[in-house]
>>> print(open('model_15.txt').read())   # compact mmCIF, C-alpha atoms
# COMPACT_ATOMS: atom_id res chain seq x y z
CA MET A 246 0.00 0.00 0.00
CA PRO A 247 1.86 3.14 -1.16
CA PHE A 248 2.03 6.04 1.28
CA MET A 249 0.43 9.16 -0.19
CA PRO A 250 0.31 11.95 2.42
CA GLU A 251 -1.38 14.26 -0.09
CA HIS A 252 -4.57 12.21 0.46
CA SER A 253 -4.66 13.10 4.16
CA TRP A 254 -7.27 15.56 5.42
CA GLU A 255 -4.78 17.27 7.73
CA ARG A 256 -4.07 20.25 5.47
CA LEU A 257 -7.67 20.84 4.41
CA SER A 258 -9.50 23.86 5.83
CA GLU A 259 -11.21 23.39 9.17
CA ASP A 260 -14.61 23.70 7.45
CA GLU A 261 -13.72 20.98 4.94
CA ILE A 262 -12.42 18.70 7.71
CA GLU A 263 -15.70 19.21 9.57
CA SER A 264 -17.78 18.48 6.45
CA ARG A 265 -15.87 15.27 5.73
CA SER A 266 -16.03 14.22 9.38
CA LEU A 267 -19.82 14.49 9.33
CA ARG A 268 -20.01 12.30 6.23
CA ALA A 269 -17.59 9.81 7.77
CA MET A 270 -19.64 9.71 10.98
CA ARG A 271 -22.83 8.88 9.06
CA ASN A 272 -21.05 6.06 7.21
CA HIS A 273 -19.56 4.89 10.49
CA ILE A 274 -23.00 4.57 12.09
CA ILE A 275 -24.29 2.60 9.09
CA TYR A 276 -21.40 0.14 9.40
CA LEU A 277 -21.78 -0.23 13.18
CA LYS A 278 -25.55 -0.87 13.05
CA ARG A 279 -25.13 -3.48 10.31
CA ASN A 280 -22.19 -5.39 11.72
CA SER A 281 -21.84 -4.99 15.51
CA LYS A 282 -24.26 -6.68 17.91
CA PHE A 283 -23.35 -4.18 20.59
CA TYR A 284 -23.95 -1.10 18.43
CA GLU A 285 -27.03 -2.59 16.77
CA ARG A 286 -28.56 -2.47 20.25
CA LYS A 287 -26.87 0.75 21.39
CA LEU A 288 -27.85 2.70 18.26
CA SER A 289 -31.36 1.30 17.82
CA ALA A 290 -32.87 4.78 18.09
CA VAL A 291 -30.19 6.47 15.96
CA GLN A 292 -30.35 6.96 12.20
CA PRO A 293 -27.36 8.10 10.10
CA GLN A 294 -29.37 10.93 8.56
CA ASP A 295 -29.80 12.37 12.07
CA ILE A 296 -26.21 13.62 11.88
CA LYS A 297 -26.57 16.91 10.00
CA ASP A 298 -24.34 19.12 12.12
CA ILE A 299 -21.35 18.69 14.45
CA SER A 300 -23.65 19.42 17.40
CA ASP A 301 -25.70 16.32 16.48
CA ILE A 302 -22.69 14.14 17.37
CA LEU A 303 -23.08 15.27 20.99
CA ALA A 304 -26.39 13.38 21.15
CA LEU A 305 -24.79 10.06 20.19
CA PRO A 306 -24.19 7.56 23.01
CA PHE A 307 -20.77 7.00 24.55
CA THR A 308 -18.81 3.76 24.69
CA SER A 309 -17.06 3.02 27.96
CA LYS A 310 -14.00 0.92 28.61
CA GLU A 311 -16.11 -1.19 30.97
CA GLU A 312 -18.57 -1.99 28.18
CA LEU A 313 -15.75 -2.87 25.81
CA SER A 314 -14.21 -5.19 28.40
CA ALA A 315 -17.50 -6.86 29.35
CA GLU A 316 -18.87 -7.37 25.83
CA THR A 317 -15.76 -7.61 23.66
CA ASN A 318 -17.14 -10.23 21.29
CA ASN A 319 -20.28 -8.18 20.64
CA PHE A 320 -18.14 -5.32 19.34
CA TYR A 321 -16.62 -7.46 16.57
CA CYS A 322 -17.86 -6.57 13.09
CA THR A 323 -16.32 -9.39 11.04
CA ASP A 324 -14.76 -12.82 11.40
CA LYS A 325 -12.11 -12.07 8.74
CA ILE A 326 -9.41 -11.38 11.31
CA ALA A 327 -5.77 -11.29 10.22
CA GLU A 328 -4.18 -10.55 13.60
CA THR A 329 -5.25 -10.24 17.22
CA CYS A 330 -3.58 -7.90 19.70
CA VAL A 331 -4.11 -7.56 23.44
CA THR A 332 -3.63 -4.47 25.59
CA SER A 333 -1.25 -4.60 28.54
CA GLY A 334 -4.07 -4.21 31.06
CA SER A 335 -2.13 -1.50 32.90
CA THR A 336 -5.37 0.40 33.64
CA GLY A 337 -7.72 -2.57 34.08
CA ASN A 338 -8.48 -5.89 32.39
CA PRO A 339 -6.61 -6.54 29.13
CA LEU A 340 -8.68 -5.81 26.02
CA ILE A 341 -8.66 -8.06 22.95
CA VAL A 342 -8.46 -6.06 19.72
CA PRO A 343 -8.91 -7.83 16.34
CA PHE A 344 -7.45 -6.49 13.09
CA THR A 345 -8.42 -7.32 9.52
CA LYS A 346 -5.86 -7.00 6.72
CA ASN A 347 -7.29 -3.57 5.89
CA ASP A 348 -7.06 -2.57 9.56
CA LEU A 349 -3.35 -3.41 9.52
CA ASP A 350 -2.90 -1.29 6.38
CA ARG A 351 -4.80 1.53 8.09
CA LEU A 352 -2.52 1.17 11.12
CA ALA A 353 0.57 1.43 8.92
CA TYR A 354 -0.85 4.51 7.18
CA ASN A 355 -1.54 6.11 10.57
CA GLU A 356 2.06 5.63 11.71
CA SER A 357 3.44 6.73 8.34
CA LEU A 358 1.53 10.00 8.76
CA SER A 359 2.95 10.43 12.25
CA PHE A 360 6.56 9.76 11.27
CA HIS A 361 6.15 11.91 8.15
CA SER A 362 4.95 14.78 10.34
CA ILE A 363 8.23 14.82 12.32
CA GLY A 364 10.27 14.91 9.13
CA VAL A 365 11.14 11.22 8.75
CA LYS A 366 11.38 10.40 5.06
CA ALA A 367 12.22 7.67 2.58
CA GLY A 368 15.90 6.81 2.76
CA ASP A 369 16.21 7.51 6.49
CA ARG A 370 17.36 4.75 8.83
CA ALA A 371 15.32 3.88 11.94
CA GLN A 372 15.96 1.57 14.88
CA VAL A 373 12.80 0.37 16.66
CA MET A 374 13.69 -0.23 20.32
CA VAL A 375 10.32 -1.46 21.64
CA SER A 376 8.74 -4.89 21.84
CA LEU A 377 7.60 -6.44 18.57
CA ASP A 378 6.14 -9.57 20.15
CA ARG A 379 3.75 -10.69 22.93
CA LEU A 380 0.62 -9.43 21.10
CA PHE A 381 1.91 -5.85 21.40
CA VAL A 382 0.43 -3.61 18.70
CA ALA A 383 2.73 -0.58 18.99
CA GLY A 384 6.03 -2.12 17.89
CA MET A 385 4.34 -3.78 14.94
CA ALA A 386 2.58 -0.52 14.03
CA TYR A 387 5.79 1.54 14.11
CA TYR A 388 7.62 -1.04 12.03
CA ARG A 389 4.90 -1.24 9.38
CA GLY A 390 4.52 2.53 9.27
CA LEU A 391 8.23 3.12 8.77
CA ILE A 392 8.43 0.45 6.07
CA ALA A 393 5.46 2.02 4.23
CA LEU A 394 7.22 5.37 4.41
CA GLY A 395 10.29 3.91 2.69
CA VAL A 396 12.52 3.99 5.78
CA ASN A 397 15.33 1.45 6.21
CA THR A 398 14.11 -0.06 9.48
CA THR A 399 15.88 -2.22 12.06
CA ARG A 400 13.62 -4.37 14.27
CA MET A 401 15.73 -4.41 17.42
CA GLY A 402 12.95 -4.77 19.95
CA VAL A 403 13.89 -4.98 23.63
CA MET A 404 17.58 -5.92 23.70
CA SER A 405 20.50 -5.28 26.02
CA PRO A 406 22.12 -1.83 25.88
CA GLU A 407 25.25 -3.44 24.46
CA MET A 408 23.32 -4.92 21.52
CA GLN A 409 21.46 -1.66 20.89
CA GLU A 410 24.74 0.25 20.80
CA TYR A 411 26.38 -2.33 18.56
CA TYR A 412 23.69 -1.97 15.88
CA ILE A 413 23.54 1.82 16.19
CA ARG A 414 27.25 1.98 15.39
CA LEU A 415 26.97 -0.72 12.71
CA LEU A 416 23.89 0.52 10.83
CA TYR A 417 23.96 4.31 11.45
CA PRO A 418 20.27 4.97 12.18
CA ASN A 419 19.29 8.64 12.34
CA VAL A 420 15.91 7.88 13.99
CA LEU A 421 15.28 5.95 17.21
CA VAL A 422 11.82 4.82 18.36
CA GLY A 423 11.43 3.97 22.02
CA VAL A 424 10.36 4.82 25.56
CA PRO A 425 11.85 8.03 27.01
CA SER A 426 12.95 6.52 30.33
CA TYR A 427 14.80 3.77 28.43
CA PHE A 428 16.52 6.32 26.21
CA ILE A 429 17.90 8.00 29.34
CA LYS A 430 19.08 4.75 30.93
CA PHE A 431 20.68 3.66 27.66
CA ALA A 432 22.65 6.89 27.18
CA GLU A 433 23.69 7.10 30.84
CA ASN A 434 24.88 3.48 30.72
CA LEU A 435 27.13 4.41 27.80
CA ARG A 436 28.49 7.41 29.70
CA LYS A 437 29.41 5.23 32.66
CA ASN A 438 31.48 3.16 30.25
CA GLY A 439 33.25 6.19 28.83
CA LYS A 440 31.14 6.42 25.65
CA ASP A 441 28.96 9.23 24.32
CA ILE A 442 25.76 8.63 22.37
CA ARG A 443 26.20 12.10 20.85
CA ASP A 444 28.99 10.84 18.61
CA THR A 445 26.58 8.53 16.76
CA SER A 446 24.30 9.16 13.76
CA ILE A 447 21.12 9.80 15.80
CA GLN A 448 19.20 12.99 14.93
CA LYS A 449 15.59 12.31 16.00
CA LEU A 450 14.01 10.35 18.84
CA ALA A 451 10.33 9.36 18.49
CA CYS A 452 9.21 8.89 22.09
CA ILE A 453 6.30 6.64 23.02
CA GLY A 454 4.43 5.64 26.16
CA GLU A 455 5.55 8.50 28.41
CA SER A 456 4.87 12.23 28.26
CA LEU A 457 7.57 14.71 27.31
CA ARG A 458 5.69 17.84 28.34
CA ASN A 459 4.39 19.62 31.38
CA GLU A 460 0.80 20.80 31.49
CA ASP A 461 1.89 24.26 30.24
CA MET A 462 3.42 22.59 27.14
CA THR A 463 7.00 23.24 28.25
CA TRP A 464 9.39 20.31 27.98
CA ASN A 465 9.56 18.26 31.16
CA ASP A 466 12.82 17.13 32.77
CA THR A 467 12.75 13.83 30.90
CA ALA A 468 12.64 15.53 27.49
CA LEU A 469 15.35 18.03 28.43
CA ARG A 470 17.58 15.25 29.75
CA ILE A 471 17.21 13.19 26.56
CA GLU A 472 18.10 16.13 24.33
CA GLU A 473 21.12 16.94 26.50
CA LEU A 474 22.33 13.33 26.43
CA TYR A 475 21.79 12.73 22.70
CA GLY A 476 22.26 16.17 21.18
CA ALA A 477 19.17 15.34 19.11
CA LYS A 478 15.50 16.38 18.99
CA VAL A 479 12.72 14.54 20.80
CA TYR A 480 9.19 14.17 19.42
CA GLY A 481 6.18 13.01 21.42
CA THR A 482 3.38 10.69 20.39
CA TYR A 483 0.28 9.33 22.11
CA ALA A 484 -1.73 6.27 21.07
CA SER A 485 -3.71 3.34 22.47
CA THR A 486 -4.30 -0.15 21.15
CA GLU A 487 -8.08 0.04 21.00
CA THR A 488 -8.17 3.39 19.13
CA CYS A 489 -5.61 2.24 16.54
CA SER A 490 -4.63 5.86 15.88
CA SER A 491 -2.01 8.25 17.18
CA TYR A 492 -1.51 11.93 17.96
CA CYS A 493 2.02 12.98 17.06
CA ASP A 494 4.21 16.05 17.10
CA CYS A 495 5.14 17.72 13.83
CA GLU A 496 8.52 19.30 13.10
CA TYR A 497 7.38 22.45 14.93
CA ARG A 498 6.62 20.36 18.05
CA THR A 499 3.47 22.24 19.03
CA GLY A 500 1.36 19.30 20.25
CA GLY A 501 -0.05 16.02 19.01
CA HIS A 502 -1.79 16.30 15.64
CA SER A 503 -4.81 14.07 15.04
CA HIS A 504 -5.36 12.32 11.71
CA PRO A 505 -8.99 13.37 11.05
CA GLU A 506 -9.63 10.86 8.28
CA LEU A 507 -8.90 8.11 10.82
CA ILE A 508 -10.28 9.46 14.08
CA TYR A 509 -12.84 11.96 15.33
CA THR A 510 -11.61 13.64 18.51
CA GLU A 511 -13.56 15.23 21.36
CA ILE A 512 -12.36 16.64 24.70
CA LEU A 513 -15.24 16.44 27.19
CA ASP A 514 -16.07 17.18 30.82
CA ASP A 515 -17.62 14.62 33.18
CA ALA A 516 -21.10 15.52 31.92
CA GLY A 517 -20.12 14.90 28.30
CA ASN A 518 -19.92 18.54 27.25
CA PRO A 519 -17.05 19.89 25.10
CA VAL A 520 -14.53 21.93 27.08
CA PRO A 521 -12.83 25.08 25.73
CA ALA A 522 -9.33 24.90 24.28
CA GLY A 523 -6.76 24.75 27.05
CA GLU A 524 -9.14 23.22 29.60
CA ILE A 525 -8.53 19.64 30.71
CA GLY A 526 -11.13 17.07 29.72
CA GLU A 527 -11.42 13.41 28.81
CA LEU A 528 -10.14 12.35 25.40
CA THR A 529 -13.08 10.74 23.59
CA VAL A 530 -12.61 9.22 20.14
CA THR A 531 -14.47 7.67 17.22
CA THR A 532 -12.38 5.41 14.98
CA PHE A 533 -13.13 5.83 11.27
CA GLY A 534 -12.25 3.11 8.78
CA MET A 535 -11.79 0.21 11.20
CA GLU A 536 -13.34 -3.11 10.11
CA GLY A 537 -12.63 -5.45 13.01
CA MET A 538 -13.63 -3.48 16.09
CA PRO A 539 -14.56 0.14 15.31
CA LEU A 540 -15.61 2.35 18.21
CA LEU A 541 -18.06 5.22 18.65
CA ARG A 542 -17.38 8.04 21.14
CA TYR A 543 -15.04 5.87 23.19
CA ARG A 544 -14.13 7.45 26.52
CA THR A 545 -10.44 6.65 26.89
CA GLY A 546 -10.06 7.79 30.51
CA ASP A 547 -7.04 9.86 29.45
CA MET A 548 -7.20 13.54 30.43
CA THR A 549 -5.75 16.16 28.10
CA PHE A 550 -6.70 19.41 26.39
CA LYS A 551 -7.17 20.90 22.95
CA ILE A 552 -4.52 23.35 21.75
CA ALA A 553 -5.97 26.55 20.31
CA GLY A 554 -4.95 28.12 17.02
CA ASN A 555 -3.37 26.80 13.85
CA CYS A 556 0.01 25.11 13.68
CA PRO A 557 2.73 26.79 11.58
CA CYS A 558 3.29 23.45 9.84
CA GLY A 559 0.10 24.06 7.82
CA ARG A 560 -1.89 21.16 9.25
CA ASN A 561 -5.37 22.14 10.42
CA SER A 562 -6.21 18.95 12.30
CA MET A 563 -6.95 19.15 16.01
CA ARG A 564 -3.91 19.16 18.29
CA ILE A 565 -3.90 17.83 21.83
CA GLY A 566 -1.55 18.46 24.73
CA PRO A 567 0.13 15.82 26.90
CA ILE A 568 -1.90 13.27 28.84
CA VAL A 569 -2.02 15.13 32.15
CA TYR A 570 -3.35 12.12 34.02
CA ARG A 571 -5.55 9.07 33.66
CA LYS A 572 -8.97 9.43 35.20
CA SER A 573 -8.60 6.21 37.17
CA GLN A 574 -5.26 7.31 38.64
CA LEU A 575 -6.09 10.75 40.03
CA ILE A 576 -4.90 10.71 43.63
CA LYS A 577 -6.20 12.47 46.72
CA ILE A 578 -4.25 12.45 49.96
CA LYS A 579 -5.40 14.32 53.08
CA GLY A 580 -7.59 16.59 50.97
CA THR A 581 -4.86 17.34 48.42
CA THR A 582 -5.43 16.27 44.81
CA ILE A 583 -2.29 15.09 43.01
CA TYR A 584 -1.74 14.36 39.33
CA PRO A 585 0.34 11.20 38.78
CA ALA A 586 2.70 13.21 36.54
CA THR A 587 3.62 15.35 39.54
CA ILE A 588 5.16 12.30 41.18
CA THR A 589 6.77 10.74 38.11
CA ASN A 590 8.26 14.04 36.93
CA VAL A 591 9.93 14.58 40.31
CA ILE A 592 11.44 11.11 40.47
CA ASP A 593 12.56 11.10 36.84
CA SER A 594 14.16 14.54 37.19
CA LEU A 595 16.29 13.44 40.14
CA GLY A 596 17.91 10.71 38.06
CA CYS A 597 18.75 8.49 41.04
CA CYS A 598 16.26 5.64 40.49
CA ASP A 599 16.94 2.70 38.22
CA ASP A 600 13.29 1.68 38.54
CA TYR A 601 10.29 2.46 40.69
CA ILE A 602 6.59 1.86 41.10
CA ILE A 603 3.80 3.78 42.81
CA GLU A 604 1.22 1.68 44.61
CA LEU A 605 -2.22 3.11 45.37
CA LYS A 606 -3.85 1.68 48.50
CA GLY A 607 -6.93 2.29 50.60
CA HIS A 608 -10.52 2.63 49.41
CA ARG A 609 -11.68 4.19 46.13
CA ASP A 610 -14.74 5.74 47.78
CA ASP A 611 -12.70 7.29 50.56
CA CYS A 612 -9.88 8.97 48.65
CA ASP A 613 -8.46 10.80 51.68
CA LYS A 614 -7.17 7.43 52.90
CA VAL A 615 -5.29 6.63 49.71
CA GLU A 616 -1.67 5.82 50.45
CA ILE A 617 1.04 6.08 47.84
CA ILE A 618 4.14 3.98 48.30
CA LEU A 619 7.13 4.43 46.02
CA HIS A 620 9.54 1.54 45.66
CA VAL A 621 12.88 2.81 44.40
CA ILE A 622 16.33 1.47 43.73
CA SER A 623 18.81 3.98 45.05
CA GLU A 624 21.45 4.62 47.66
CA LYS A 625 19.99 5.25 51.11
CA LYS A 626 21.42 8.77 51.11
CA GLU A 627 19.04 9.59 48.23
CA LEU A 628 15.93 8.62 50.18
CA HIS A 629 15.68 11.93 52.05
CA ARG A 630 16.24 13.92 48.85
CA ILE A 631 13.43 12.07 47.06
CA THR A 632 11.02 12.47 49.97
CA GLN A 633 11.72 16.19 50.29
CA ALA A 634 11.39 16.83 46.54
CA LEU A 635 8.04 15.00 46.44
CA GLN A 636 6.71 16.91 49.44
CA THR A 637 7.69 20.23 47.85
CA ALA A 638 6.00 19.38 44.53
CA ALA A 639 2.90 17.62 45.89
CA ARG A 640 2.42 19.75 49.04
CA VAL A 641 1.86 16.61 51.09
CA ARG A 642 4.20 13.98 52.54
CA ILE A 643 4.37 10.74 50.55
CA SER A 644 5.82 7.53 51.94
CA VAL A 645 8.96 6.37 50.11
CA TYR A 646 10.55 2.97 50.60
CA LEU A 647 13.70 1.40 49.19
CA SER A 648 13.23 -1.96 47.53
CA ASN A 649 14.64 -4.16 44.75
CA LYS A 650 13.82 -5.15 41.19
CA SER A 651 12.17 -8.43 42.11
CA THR A 652 9.72 -6.65 44.42
CA ILE A 653 8.91 -4.07 41.76
CA THR A 654 8.38 -6.79 39.15
CA ALA A 655 6.07 -8.70 41.51
CA LEU A 656 4.00 -5.59 42.17
CA ARG A 657 3.57 -4.98 38.45
CA GLY A 658 2.10 -8.42 37.97
CA ASN A 659 1.78 -10.02 34.56
CA THR A 660 2.02 -6.89 32.44
CA ARG A 661 4.50 -6.45 29.61
CA LYS A 662 4.86 -2.72 30.29
CA ALA A 663 7.09 -1.21 32.93
CA VAL A 664 4.04 0.46 34.46
CA ARG A 665 4.61 3.17 37.05
CA PHE A 666 1.24 2.88 38.84
CA VAL A 667 -0.42 -0.14 40.39
CA ASP A 668 -3.92 0.45 41.70
CA ASN A 669 -4.60 -1.83 44.69
CA ARG A 670 -7.42 0.30 46.10
CA LYS A 671 -10.48 -1.62 47.22
>>> encode(input="model_15.txt", output="structure tokens")
Amino acid sequence: MPFMPEHSWERLSEDEIESRSLRAMRNHIIYLKRNSKFYERKLSAVQPQDIKDISDILALPFTSKEELSAETNNFYCTDKIAETCVTSGSTGNPLIVPFTKNDLDRLAYNESLSFHSIGVKAGDRAQVMVSLDRLFVAGMAYYRGLIALGVNTTRMGVMSPEMQEYYIRLLYPNVLVGVPSYFIKFAENLRKNGKDIRDTSIQKLACIGESLRNEDMTWNDTALRIEELYGAKVYGTYASTETCSSYCDCEYRTGGHSHPELIYTEILDDAGNPVPAGEIGELTVTTFGMEGMPLLRYRTGDMTFKIAGNCPCGRNSMRIGPIVYRKSQLIKIKGTTIYPATITNVIDSLGCCDDYIIELKGHRDDCDKVEIILHVISEKKELHRITQALQTAARVRISVYLSNKSTITALRGNTRKAVRFVDNRK
């Protein structure tokens, strides 16, 4: 499937994007009612011709993660499945997501658009440093997207730092794809051995899975540390398995652009009303063009905001900010509300933890009793520094304990991701 970015809606006028989105939404409803048992029931009172204006979309029902988990099979729209992926389950039960051959092509096109937006082009060399196995969709998606873009791509996956370095110096990639915290550990490991990642061919780092920005859109300590270590630019991207679409920086790095021909994006308050640009709300998406398991107004649980104005890159698609927090992970201690990023940003910025995990305890309905315990690997002399830095940032004292990798791994359970939060609230 040749990659033709000129067919994307991103550079159309906002009015034309809206007009096409309305038509796509009507077609989407037709497909869902015909092929999905869940949506046949959910949309029994809805007719495609009801969608005449963008405001009409606000009357359509939502899809929750709980519904998707409880009735997965009823969401399926075809039995012509080419591949099945499973989410990590880091925010609940793992979700099974089926892909047809066309869905896989759509996924590749989505990632090609994202890499193209950060200036990756045919003839570049990329090293993919994330898992490409264990039913993980992301590594496969990045690989297929880079290949479709004409990029010479190395499927490294999760390998030792020594192997990653060996192939970087052997194959001269100018683009790395991976998790920000791993990029830092990798570069610092080289420094400890008297080597400098800045003397390699790397020019761009496409960062996945972790935010690079603060809520005010400034670069966080993780992003600044990566750029200092590598002497290269970082670019952020956000995606989820069930939405099969991503929001990625462009070369101007002004926020995550949506791909409107693939996804309809809403940012909503708890009551389901759109929030103004700059105000935090729940990312809610409709996936256009999916055959296996398309979704309608899916509430992701991820909290972000719309960025106002047009991007200087010329794309007119909606841009979103960083994921400020996940709805299920908002923490309240002794009357003080804390965003998870407040904790992770502090620990990451100190640079003294090889690994850590934050365990939420207590009762969900009695948030003031929630206890957060951080398990860190560090010298004991760092314990006081971490505790003080967290208290300054969070305005409340948080318990910090030293532990080891085996304890952290046990707390994470059977998840393939190095998750930072484990919710053990009752």
>>> residues_around(input="model_15.txt", residues="A:Thr545", least_positions_apart="5", cutoff="7 Å", atoms="all atoms listed in the file", output="PyMOL selection string")
chain A and resi 310+528-529
>>> axis_aligned_box(input="model_15.txt", around="stretch 500-507 of chain A", padding_each_side="8 Å", output="lines of an AutoDock Vina configuration file")
center_x = -4.1
center_y = 13.7
center_z = 14.3
size_x = 27.0
size_y = 27.2
size_z = 28.0
>>> closest_residue(input="model_15.txt", among="A:Ser289, A:Thr329, A:Asn319, A:Ser490", to="A:Ala353", atoms="all atoms listed in the file")
A:Ser490
>>> closest_residue(input="model_15.txt", among="A:Thr445, A:Ser376, A:Ser426, A:Asn355", to="A:His502", atoms="all atoms listed in the file")
A:Asn355
>>> residues_around(input="model_15.txt", residues="stretch 299-304 of chain A", least_positions_apart="4", cutoff="12 Å", atoms="only C-alpha atoms", output="ChimeraX atom specification")
/A:260,262-271,273-274,288,290-295,509-513,516-519,529-531,541-542
>>> residues_near_point(input="model_15.txt", point="(-18.6, -2.5, 10.5)", cutoff="6 Å", atoms="all atoms listed in the file", output="NGL selection string")
:A and (276-277 or 280 or 322 or 536)
>>> closest_residue(input="model_15.txt", among="A:Glu473, A:Asp515, A:Asp547, A:Glu311", to="A:Leu340", atoms="all atoms listed in the file")
A:Glu311
>>> atom_distance(input="model_15.txt", atom1="atom CA of A:Ile326", atom2="atom CA of A:Thr345")
4.5 Å
>>> closest_residue(input="model_15.txt", among="A:Met563, A:Ala315, A:Ala655, A:Val403", to="A:Pro505", atoms="only C-alpha atoms")
A:Met563
>>> atom_distance(input="model_15.txt", atom1="atom CA of A:Arg286", atom2="atom CA of A:Met538")
15.5 Å
